[in-house]
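File shown here: protein-v9.cif, holding mmCIF, C-alpha atoms.
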```cif
data_structure
#
loop_
_atom_site.label_atom_id
_atom_site.label_comp_id
_atom_site.auth_asym_id
_atom_site.auth_seq_id
_atom_site.Cartn_x
_atom_site.Cartn_y
_atom_site.Cartn_z
CA MET A 141 67.92 21.86 18.68
CA LYS A 142 68.14 19.39 15.80
CA PHE A 143 65.13 17.69 17.26
CA LYS A 144 63.15 20.94 17.24
CA ILE A 145 63.96 21.59 13.59
CA ILE A 146 62.75 18.17 12.64
CA ILE A 147 59.51 18.76 14.47
CA VAL A 148 59.01 22.14 12.79
CA ILE A 149 59.73 20.71 9.37
CA GLY A 150 57.37 17.89 10.11
CA LEU A 151 54.64 20.29 11.13
CA VAL A 152 55.15 22.42 8.03
CA LEU A 153 54.96 19.35 5.84
CA LEU A 154 51.79 18.28 7.58
CA VAL A 155 50.17 21.67 7.02
CA ILE A 156 51.21 21.76 3.37
CA ASN A 157 50.01 18.25 2.90
CA SER A 158 46.59 18.87 4.38
CA ALA A 159 46.24 22.11 2.44
CA CYS A 160 46.95 20.18 -0.74
CA GLN A 161 44.49 17.57 0.22
CA ASN A 162 41.85 20.22 0.80
CA GLU A 163 42.72 21.82 -2.50
CA GLY A 164 42.34 18.43 -4.16
CA GLN A 165 39.03 17.82 -2.48
CA LEU A 166 37.82 21.25 -3.44
CA GLU A 167 38.84 20.67 -7.01
CA PHE A 168 37.05 17.34 -7.01
CA ALA A 169 33.90 18.95 -5.63
CA ARG A 170 34.01 21.62 -8.31
CA TYR A 171 34.34 19.10 -11.13
CA TYR A 172 31.77 16.79 -9.62
CA SER A 173 29.01 19.34 -9.02
CA ALA A 174 29.47 20.99 -12.42
CA GLY A 175 29.48 17.51 -13.95
CA SER A 176 26.22 16.56 -12.32
CA LEU A 177 24.53 19.45 -14.14
CA VAL A 178 26.07 18.43 -17.46
CA TYR A 179 24.90 14.89 -16.84
CA GLN A 180 21.33 15.97 -16.14
CA SER A 181 21.07 18.05 -19.27
CA LYS A 182 23.10 15.94 -21.73
CA CYS A 183 23.18 12.32 -20.65
CA GLN A 184 20.39 11.51 -18.24
CA ASN A 185 17.67 11.22 -20.88
CA CYS A 186 19.49 8.22 -22.32
CA HIS A 187 21.55 6.72 -19.52
CA GLY A 188 18.99 7.33 -16.79
CA LYS A 189 18.97 9.09 -13.45
CA ASN A 190 20.96 6.35 -11.76
CA GLY A 191 23.07 5.43 -14.76
CA GLU A 192 20.88 2.38 -15.24
CA GLY A 193 20.68 2.66 -19.05
CA LEU A 194 17.68 1.30 -20.92
CA LEU A 195 17.49 -2.47 -21.32
CA ALA A 196 19.31 -3.56 -24.48
CA MET A 197 18.98 -0.12 -26.04
CA ILE A 198 21.32 2.02 -23.99
CA PRO A 199 24.16 0.62 -21.85
CA PRO A 200 24.33 1.40 -18.14
CA LEU A 201 27.16 3.44 -16.65
CA THR A 202 27.42 1.11 -13.69
CA ASP A 203 30.01 -1.20 -15.18
CA THR A 204 32.88 -0.08 -12.95
CA THR A 205 35.38 -2.49 -14.48
CA TYR A 206 34.65 -1.34 -18.02
CA LEU A 207 34.94 2.32 -17.10
CA ARG A 208 38.18 1.78 -15.17
CA ILE A 209 39.85 -0.13 -17.96
CA ASN A 210 38.67 2.30 -20.63
CA LYS A 211 39.21 5.47 -18.64
CA GLY A 212 41.60 6.85 -21.26
CA ASN A 213 39.06 6.39 -24.08
CA LEU A 214 36.07 7.99 -22.41
CA ALA A 215 36.85 11.58 -23.39
CA CYS A 216 37.01 10.65 -27.08
CA LEU A 217 33.87 8.56 -26.76
CA ILE A 218 31.91 11.46 -25.32
CA LYS A 219 33.31 14.03 -27.71
CA ASN A 220 32.76 11.99 -30.88
CA GLY A 221 29.96 9.65 -29.91
CA VAL A 222 29.85 5.92 -30.56
CA LYS A 223 28.36 4.08 -33.47
CA GLY A 224 27.90 0.43 -34.23
CA LYS A 225 28.56 -2.66 -32.21
CA PHE A 226 29.88 -2.16 -28.78
CA LEU A 227 30.93 -4.71 -26.22
CA LEU A 228 30.32 -3.91 -22.60
CA VAL A 229 31.75 -6.72 -20.47
CA GLY A 230 30.25 -9.52 -22.47
CA LYS A 231 26.98 -7.78 -23.28
CA PRO A 232 26.78 -6.47 -26.84
CA PHE A 233 25.10 -3.16 -27.56
CA GLU A 234 24.38 -1.98 -31.02
CA GLY A 235 23.30 1.57 -30.85
CA ASN A 236 24.24 5.06 -31.59
CA MET A 237 25.43 7.65 -29.17
CA PRO A 238 25.59 11.04 -30.85
CA ALA A 239 28.62 13.30 -30.49
CA SER A 240 28.00 15.41 -27.42
CA GLY A 241 29.32 18.73 -28.65
CA LEU A 242 30.80 19.34 -25.19
CA ASN A 243 34.08 21.23 -24.68
CA GLN A 244 37.05 19.84 -22.70
CA VAL A 245 35.96 21.49 -19.48
CA ASP A 246 32.51 19.96 -19.54
CA ILE A 247 33.87 16.59 -20.63
CA ALA A 248 36.18 16.61 -17.60
CA ASN A 249 33.29 17.66 -15.39
CA VAL A 250 30.88 15.04 -16.61
CA LEU A 251 33.52 12.30 -16.55
CA THR A 252 34.40 13.15 -12.96
CA TYR A 253 30.71 12.95 -12.15
CA VAL A 254 30.08 9.65 -13.94
CA GLY A 255 33.42 8.26 -12.77
CA ASN A 256 32.42 8.80 -9.15
CA SER A 257 28.73 8.00 -9.24
CA PHE A 258 26.73 4.80 -9.77
CA GLY A 259 29.35 2.78 -7.87
CA ASN A 260 32.35 4.07 -9.83
CA LYS A 261 35.44 5.38 -8.02
CA LEU A 262 37.82 6.89 -10.56
CA GLY A 263 38.67 10.10 -8.71
CA THR A 264 39.01 13.47 -10.45
CA ILE A 265 39.36 13.32 -14.23
CA SER A 266 41.06 16.65 -14.90
CA ILE A 267 40.96 18.98 -17.88
CA GLU A 268 44.66 18.21 -18.52
CA GLU A 269 43.91 14.51 -18.60
CA VAL A 270 40.98 15.08 -20.97
CA ASN A 271 43.10 17.26 -23.27
CA ASN A 272 45.71 14.57 -23.31
CA ASP A 273 43.22 11.83 -24.09
CA LEU A 274 41.55 13.92 -26.79
CA SER A 275 44.85 14.44 -28.58
CA ILE A 276 45.03 10.73 -29.35
CA CYS A 277 41.41 10.03 -30.37
CA LYS A 278 41.18 7.30 -32.96
CA MET B 149 -44.68 31.67 -17.27
CA LYS B 150 -43.00 32.03 -13.89
CA GLY B 151 -44.21 28.59 -12.88
CA TYR B 152 -42.75 27.18 -16.07
CA LEU B 153 -39.38 28.75 -15.31
CA ILE B 154 -39.32 27.39 -11.80
CA ALA B 155 -40.28 24.00 -13.09
CA SER B 156 -37.49 23.96 -15.64
CA TYR B 157 -34.97 25.23 -13.08
CA SER B 158 -35.89 22.55 -10.66
CA THR B 159 -35.69 19.91 -13.37
CA LEU B 160 -32.25 21.17 -14.26
CA PHE B 161 -31.24 21.11 -10.65
CA PHE B 162 -32.58 17.60 -10.33
CA ILE B 163 -30.65 16.45 -13.38
CA LEU B 164 -27.45 17.97 -12.04
CA LEU B 165 -27.97 16.33 -8.68
CA SER B 166 -28.75 12.95 -10.09
CA SER B 167 -25.81 13.09 -12.47
CA CYS B 168 -23.64 13.68 -9.41
CA ASN B 169 -25.06 10.54 -7.91
CA VAL B 170 -24.56 8.45 -10.99
CA ASN B 171 -21.01 9.67 -11.40
CA LYS B 172 -19.85 8.33 -8.09
CA ASN B 173 -17.08 6.62 -10.02
CA LYS B 174 -14.55 9.00 -11.47
CA ILE B 175 -15.04 9.51 -15.19
CA LEU B 176 -12.36 10.80 -17.49
CA PRO B 177 -13.18 13.83 -19.64
CA ILE B 178 -13.57 13.54 -23.39
CA LEU B 179 -11.08 15.78 -25.15
CA GLY B 180 -11.11 17.40 -28.56
CA ASP B 181 -13.66 19.32 -30.57
CA ARG B 182 -17.24 18.37 -30.31
CA SER B 183 -20.29 19.22 -32.35
CA THR B 184 -23.94 18.71 -31.62
CA VAL B 185 -26.69 17.13 -33.62
CA THR B 186 -30.38 17.52 -33.07
CA ARG B 187 -32.42 14.41 -33.48
CA ILE B 188 -36.08 13.72 -33.18
CA VAL B 189 -36.82 10.64 -31.17
CA ASP B 190 -40.42 9.62 -30.53
CA GLY B 191 -41.57 13.08 -31.48
CA LYS B 192 -39.18 14.75 -28.98
CA THR B 193 -36.17 16.79 -29.97
CA THR B 194 -32.91 15.73 -28.36
CA VAL B 195 -29.46 17.22 -28.72
CA ASP B 196 -26.52 14.87 -28.78
CA ALA B 197 -22.87 15.78 -28.50
CA ILE B 198 -20.73 14.22 -31.18
CA TYR B 199 -17.14 13.83 -30.12
CA LYS B 200 -14.31 13.88 -32.51
CA THR B 201 -12.84 10.42 -33.00
CA ILE B 202 -9.59 9.12 -34.44
CA PRO B 203 -10.15 8.59 -38.19
CA THR B 204 -9.48 5.33 -39.98
CA PHE B 205 -5.89 4.49 -40.82
CA ARG B 206 -3.73 1.77 -42.32
CA TYR B 207 -0.22 1.01 -41.08
CA VAL B 208 2.27 -1.86 -40.92
CA ASN B 209 3.60 -3.03 -37.56
CA GLN B 210 7.03 -4.32 -36.53
CA TYR B 211 6.08 -7.83 -37.64
CA GLY B 212 5.14 -6.65 -41.12
CA ASP B 213 1.42 -7.16 -40.44
CA SER B 214 -1.09 -4.71 -41.78
CA ILE B 215 -2.86 -2.80 -39.00
CA THR B 216 -6.00 -0.73 -39.39
CA ASN B 217 -8.27 0.82 -36.83
CA LYS B 218 -10.36 -2.38 -37.10
CA ASN B 219 -7.63 -4.08 -35.08
CA LEU B 220 -8.44 -1.65 -32.29
CA ASP B 221 -12.12 -2.43 -32.03
CA ASP B 222 -12.98 -2.97 -28.40
CA LYS B 223 -9.51 -1.88 -27.26
CA ILE B 224 -8.33 0.97 -25.12
CA TYR B 225 -5.04 2.26 -26.44
CA VAL B 226 -2.21 4.69 -25.85
CA ALA B 227 -0.64 6.39 -28.87
CA ASP B 228 2.60 8.28 -29.26
CA PHE B 229 4.86 9.50 -32.05
CA PHE B 230 8.59 8.77 -32.21
CA PHE B 231 11.47 7.81 -34.49
CA THR B 232 14.11 5.22 -33.75
CA THR B 233 17.08 7.54 -34.17
CA CYS B 234 15.66 10.24 -31.95
CA PRO B 235 18.42 11.21 -29.55
CA SER B 236 16.59 13.54 -27.24
CA ILE B 237 13.25 12.67 -25.69
CA CYS B 238 12.48 9.24 -27.16
CA PRO B 239 14.64 7.19 -24.77
CA VAL B 240 12.85 8.86 -21.87
CA MET B 241 9.47 8.26 -23.49
CA ALA B 242 10.33 4.61 -24.10
CA ARG B 243 11.48 4.22 -20.50
CA ASN B 244 8.18 5.64 -19.26
CA MET B 245 6.00 3.79 -21.77
CA LEU B 246 7.52 0.54 -20.52
CA ASN B 247 5.63 1.17 -17.28
CA VAL B 248 2.36 1.20 -19.18
CA TYR B 249 3.46 -1.90 -21.10
CA ASN B 250 4.48 -3.85 -18.05
CA THR B 251 1.34 -2.91 -16.13
CA TYR B 252 -1.17 -3.90 -18.81
CA LYS B 253 0.54 -6.34 -21.13
CA SER B 254 -1.40 -9.34 -19.88
CA THR B 255 -4.86 -7.73 -19.83
CA GLY B 256 -5.65 -8.11 -23.54
CA ASP B 257 -7.82 -5.01 -23.99
CA VAL B 258 -5.09 -2.36 -23.72
CA LYS B 259 -2.68 -1.59 -26.55
CA ILE B 260 0.15 0.80 -27.29
CA LEU B 261 0.68 2.33 -30.74
CA SER B 262 3.95 4.09 -31.47
CA TYR B 263 3.85 5.75 -34.88
CA THR B 264 7.18 6.50 -36.49
CA ILE B 265 7.41 9.95 -38.04
CA ASP B 266 10.49 8.89 -40.04
CA PRO B 267 9.19 5.98 -42.17
CA GLN B 268 11.96 6.44 -44.68
CA HIS B 269 14.57 5.34 -42.17
CA ASP B 270 12.41 3.24 -39.85
CA SER B 271 11.77 0.16 -41.96
CA VAL B 272 9.95 -2.88 -40.57
CA PRO B 273 13.20 -4.68 -39.59
CA ILE B 274 14.47 -1.54 -37.84
CA LEU B 275 11.21 -1.23 -35.92
CA LYS B 276 11.47 -4.90 -34.95
CA LYS B 277 15.00 -4.39 -33.69
CA TYR B 278 13.87 -1.38 -31.69
CA ALA B 279 11.10 -3.44 -30.09
CA ASP B 280 13.55 -6.23 -29.32
CA LYS B 281 15.90 -3.85 -27.57
CA LEU B 282 13.04 -2.85 -25.29
CA ASN B 283 12.16 -6.51 -24.65
CA VAL B 284 8.81 -5.85 -26.27
CA ASN B 285 7.22 -8.92 -27.82
CA GLY B 286 3.70 -10.13 -28.55
CA ASN B 287 0.95 -7.88 -29.83
CA MET B 288 0.30 -5.39 -27.10
CA TRP B 289 2.78 -2.73 -28.27
CA TRP B 290 2.92 -2.02 -31.97
CA PHE B 291 5.51 0.15 -33.68
CA LEU B 292 3.77 1.42 -36.79
CA ARG B 293 5.05 2.58 -40.14
CA GLY B 294 2.89 4.28 -42.72
CA ARG B 295 2.83 7.11 -45.19
CA LYS B 296 4.41 10.20 -43.78
CA ASP B 297 1.65 12.60 -44.85
CA GLN B 298 -0.90 10.24 -43.34
CA THR B 299 1.00 10.24 -40.05
CA TYR B 300 1.22 14.01 -40.00
CA MET B 301 -2.53 14.24 -40.58
CA LEU B 302 -3.18 11.63 -37.94
CA GLY B 303 -1.02 13.61 -35.50
CA LYS B 304 -3.49 16.47 -35.82
CA SER B 305 -6.38 14.16 -34.90
CA TYR B 306 -4.41 13.14 -31.83
CA LEU B 307 -3.97 16.84 -31.04
CA VAL B 308 -0.17 16.69 -31.25
CA SER B 309 2.15 18.66 -33.46
CA ILE B 310 4.86 17.18 -35.62
CA GLU B 311 7.22 19.24 -37.72
CA GLU B 312 9.57 18.40 -40.56
CA LYS B 313 13.24 17.62 -39.97
CA ASN B 314 15.23 20.64 -38.85
CA PRO B 315 18.73 21.36 -40.20
CA ALA B 316 20.26 19.25 -37.40
CA GLY B 317 18.36 16.26 -38.78
CA GLU B 318 15.93 16.06 -35.89
CA TYR B 319 12.20 16.03 -35.97
CA ILE B 320 10.48 18.35 -33.58
CA HIS B 321 7.59 16.55 -32.04
CA ASP B 322 5.96 16.84 -28.70
CA GLY B 323 6.21 13.83 -26.47
CA TYR B 324 2.57 13.33 -25.55
CA PHE B 325 1.05 9.96 -24.74
CA ILE B 326 -2.58 10.00 -25.87
CA LEU B 327 -5.19 7.83 -24.21
CA VAL B 328 -7.93 6.68 -26.58
CA ASP B 329 -11.09 4.84 -25.54
CA LYS B 330 -12.96 2.01 -27.26
CA GLN B 331 -15.07 4.53 -29.21
CA LYS B 332 -11.78 6.07 -30.43
CA ARG B 333 -12.30 9.26 -28.48
CA ILE B 334 -9.38 10.98 -26.75
CA ARG B 335 -9.69 10.70 -22.98
CA GLY B 336 -6.37 12.06 -21.77
CA MET B 337 -2.99 13.49 -22.76
CA TYR B 338 0.16 13.01 -20.72
CA MET B 339 3.69 14.32 -21.22
CA GLY B 340 5.59 11.14 -21.95
CA THR B 341 8.85 12.54 -20.65
CA LYS B 342 7.46 13.07 -17.15
CA PRO B 343 7.29 9.98 -14.93
CA GLU B 344 4.60 11.52 -12.69
CA GLU B 345 2.31 12.21 -15.66
CA VAL B 346 2.83 8.70 -16.96
CA ALA B 347 1.97 7.34 -13.51
CA LYS B 348 -1.31 9.22 -13.85
CA LEU B 349 -1.85 7.64 -17.26
CA VAL B 350 -1.43 4.19 -15.72
CA GLU B 351 -4.08 5.12 -13.13
CA ASP B 352 -6.42 6.64 -15.73
CA ILE B 353 -6.33 3.47 -17.85
CA LYS B 354 -7.64 1.63 -14.81
CA THR B 355 -10.44 4.21 -14.44
CA LEU B 356 -11.31 3.89 -18.11
CA LYS B 357 -11.40 0.10 -17.91
CA GLU B 358 -13.79 0.38 -14.97
CA GLU B 359 -16.06 2.61 -17.03
CA TYR B 360 -16.57 -0.32 -19.40
CA THR B 361 -17.02 -2.96 -16.73
CA ASN B 362 -19.60 -0.71 -15.03
CA GLN B 363 -21.46 -0.31 -18.31
CA ALA B 364 -21.44 -4.05 -18.84
CA THR B 365 -22.98 -4.74 -15.45
CA LYS B 366 -25.63 -2.00 -15.72
#
```

Please, can you express the file's structure as structure tokens?
Amino acid sequence: MKFKIIIVIGLVLLVINSACQNEGQLEFARYYSAGSLVYQSKCQNCHGKNGEGLLAMIPPLTDTTYLRINKGNLACLIKNGVKGKFLLVGKPFEGNMPASGLNQVDIANVLTYVGNSFGNKLGTISIEEVNNDLSICK
Amino acid sequence: MKGYLIASYSTLFFILLSSCNVNKNKILPILGDRSTVTRIVDGKTTVDAIYKTIPTFRYVNQYGDSITNKNLDDKIYVADFFFTTCPSICPVMARNMLNVYNTYKSTGDVKILSYTIDPQHDSVPILKKYADKLNVNGNMWWFLRGRKDQTYMLGKSYLVSIEEKNPAGEYIHDGYFILVDKQKRIRGMYMGTKPEEVAKLVEDIKTLKEEYTNQATK
């Protein structure tokens, strides 16, 4: 009897767990596909189709280490733009990225897209996370 | 009378046929307005087409050197209009123009002229920095600064439209790359934001170069 209950509980947990996982995957897919459209219309002209950037003019989005370490700053960077000298793992860029004018939802979308394309693996960057990060922009 | 007509028809036909033969090599069209002049040569009247050409101009390049159309004598060139702070189409245009640059930079008779439409901001040092960021050196690709009204006028000769700054601080300009031949006639226009059109430009430059080598060997 006790044994049966344990099995049932185990099964229930398994079902819940996989449902959550599916929900998570679904959520990721939603962010990612919406983000790919934002990227095409708002970022691709500068950063390139494959995130390759443009020589010394525009930095690539393929620097996985940089993006991982600075994950918490990206929302502010995209909302407000970047100006002046900028150090991307040893390579200096001195350019100007205009403020994007995107809202939180689109920032989360595009960050999830960039964060999981071009070799990056940051997982879903949610609206809550973006809101949080935006509240402490420098 | 009838015989005369037939004769002139057959001459016309013959001319058409023979021009087909001569033009075995692909020849690029000549764009822009044209006018005709009638001349009398050896007692015969001939009608020549006069094609519109790019007028004379004086600019300064990214090295601070003065550039006039004299510097383009015997050169094929590609022209475009840009400004260094342009956030929208210019990075794409630069990315695509680099293909033209890298394909022809060692040939000597092909040049690229990028005219800034914001000379107030785009000083010579800023243009130089812009060139550096694109790894552009030497004298194939010039970034040119001149009087704004002159540039706007010149834009019209290149068949492109440039408008004043809009409230958002951006200039509206179309992103055409214009192919100009050694007689300073326009031979092609390509949307500089579209990689496939720029690939065609790279091909067409080759065709245009062949036109001159064929002439030389005739």

For this session: List the residues matched by the PyMOL selection byres ((chain A) within 12 of (chain B)) in the displayed structure as a ChimeraX atom specification, ordered by chain and then by residue number.
Result: /A:181-189,192-199,221,223,232-240

For this session: Name the residues, using the chain letters and numbers of the file, that sit within 9 Å of (-26.9, 17.2, -27.1) when counting all atoms listed in the file, and give them as a list in words.
Result: Ser183, Thr184, Val185, Thr186, Arg187, Thr194, Val195, Asp196, Ala197 and Ile198 of chain B

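Distance-wise, atom CA of B:Met301 and atom CA of B:Leu275 end up 21.2 Å apart.
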
For this session: Tell me, in Å to one decimal, how far atom CA of A:Tyr253 is from atom CA of A:Tyr179.
Result: 7.7 Å

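Matched in the shown structure by the PyMOL selection byres ((chain B and resi 274) around 12): Gly235 of chain A; Asn209, Gln210, Tyr211, Gly212, Phe231, Thr232, Thr233, Thr264, Asp266, Pro267, Gln268, His269, Asp270, Ser271, Val272, Pro273, Leu275, Lys276, Lys277, Tyr278, Ala279, Asp280, Lys281, Phe291, Leu292 and Arg293 of chain B.
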
Write the selection just made, keeping C-alpha atoms, as a PDB file, in the frame of the given file?
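Resulting contents of result-v1.pdb:
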```pdb
ATOM      1  CA  GLY A 235      23.300   1.570 -30.850  1.00  0.00           C
TER       2      GLY A 235
ATOM      3  CA  ASN B 209       3.600  -3.030 -37.560  1.00  0.00           C
ATOM      4  CA  GLN B 210       7.030  -4.320 -36.530  1.00  0.00           C
ATOM      5  CA  TYR B 211       6.080  -7.830 -37.640  1.00  0.00           C
ATOM      6  CA  GLY B 212       5.140  -6.650 -41.120  1.00  0.00           C
ATOM      7  CA  PHE B 231      11.470   7.810 -34.490  1.00  0.00           C
ATOM      8  CA  THR B 232      14.110   5.220 -33.750  1.00  0.00           C
ATOM      9  CA  THR B 233      17.080   7.540 -34.170  1.00  0.00           C
ATOM     10  CA  THR B 264       7.180   6.500 -36.490  1.00  0.00           C
ATOM     11  CA  ASP B 266      10.490   8.890 -40.040  1.00  0.00           C
ATOM     12  CA  PRO B 267       9.190   5.980 -42.170  1.00  0.00           C
ATOM     13  CA  GLN B 268      11.960   6.440 -44.680  1.00  0.00           C
ATOM     14  CA  HIS B 269      14.570   5.340 -42.170  1.00  0.00           C
ATOM     15  CA  ASP B 270      12.410   3.240 -39.850  1.00  0.00           C
ATOM     16  CA  SER B 271      11.770   0.160 -41.960  1.00  0.00           C
ATOM     17  CA  VAL B 272       9.950  -2.880 -40.570  1.00  0.00           C
ATOM     18  CA  PRO B 273      13.200  -4.680 -39.590  1.00  0.00           C
ATOM     19  CA  LEU B 275      11.210  -1.230 -35.920  1.00  0.00           C
ATOM     20  CA  LYS B 276      11.470  -4.900 -34.950  1.00  0.00           C
ATOM     21  CA  LYS B 277      15.000  -4.390 -33.690  1.00  0.00           C
ATOM     22  CA  TYR B 278      13.870  -1.380 -31.690  1.00  0.00           C
ATOM     23  CA  ALA B 279      11.100  -3.440 -30.090  1.00  0.00           C
ATOM     24  CA  ASP B 280      13.550  -6.230 -29.320  1.00  0.00           C
ATOM     25  CA  LYS B 281      15.900  -3.850 -27.570  1.00  0.00           C
ATOM     26  CA  PHE B 291       5.510   0.150 -33.680  1.00  0.00           C
ATOM     27  CA  LEU B 292       3.770   1.420 -36.790  1.00  0.00           C
ATOM     28  CA  ARG B 293       5.050   2.580 -40.140  1.00  0.00           C
TER      29      ARG B 293
END
```

Exercise. What gap, in Å, lies between atom CA of B:Phe230 and atom CA of B:Gly256?
Worked result: 23.7 Å

Problem set entry | Closest of A:Gly212, A:Pro200, A:Gly164, A:Gly175 to A:Val270 - atom-to-atom distances counting only C-alpha atoms | A:Gly212
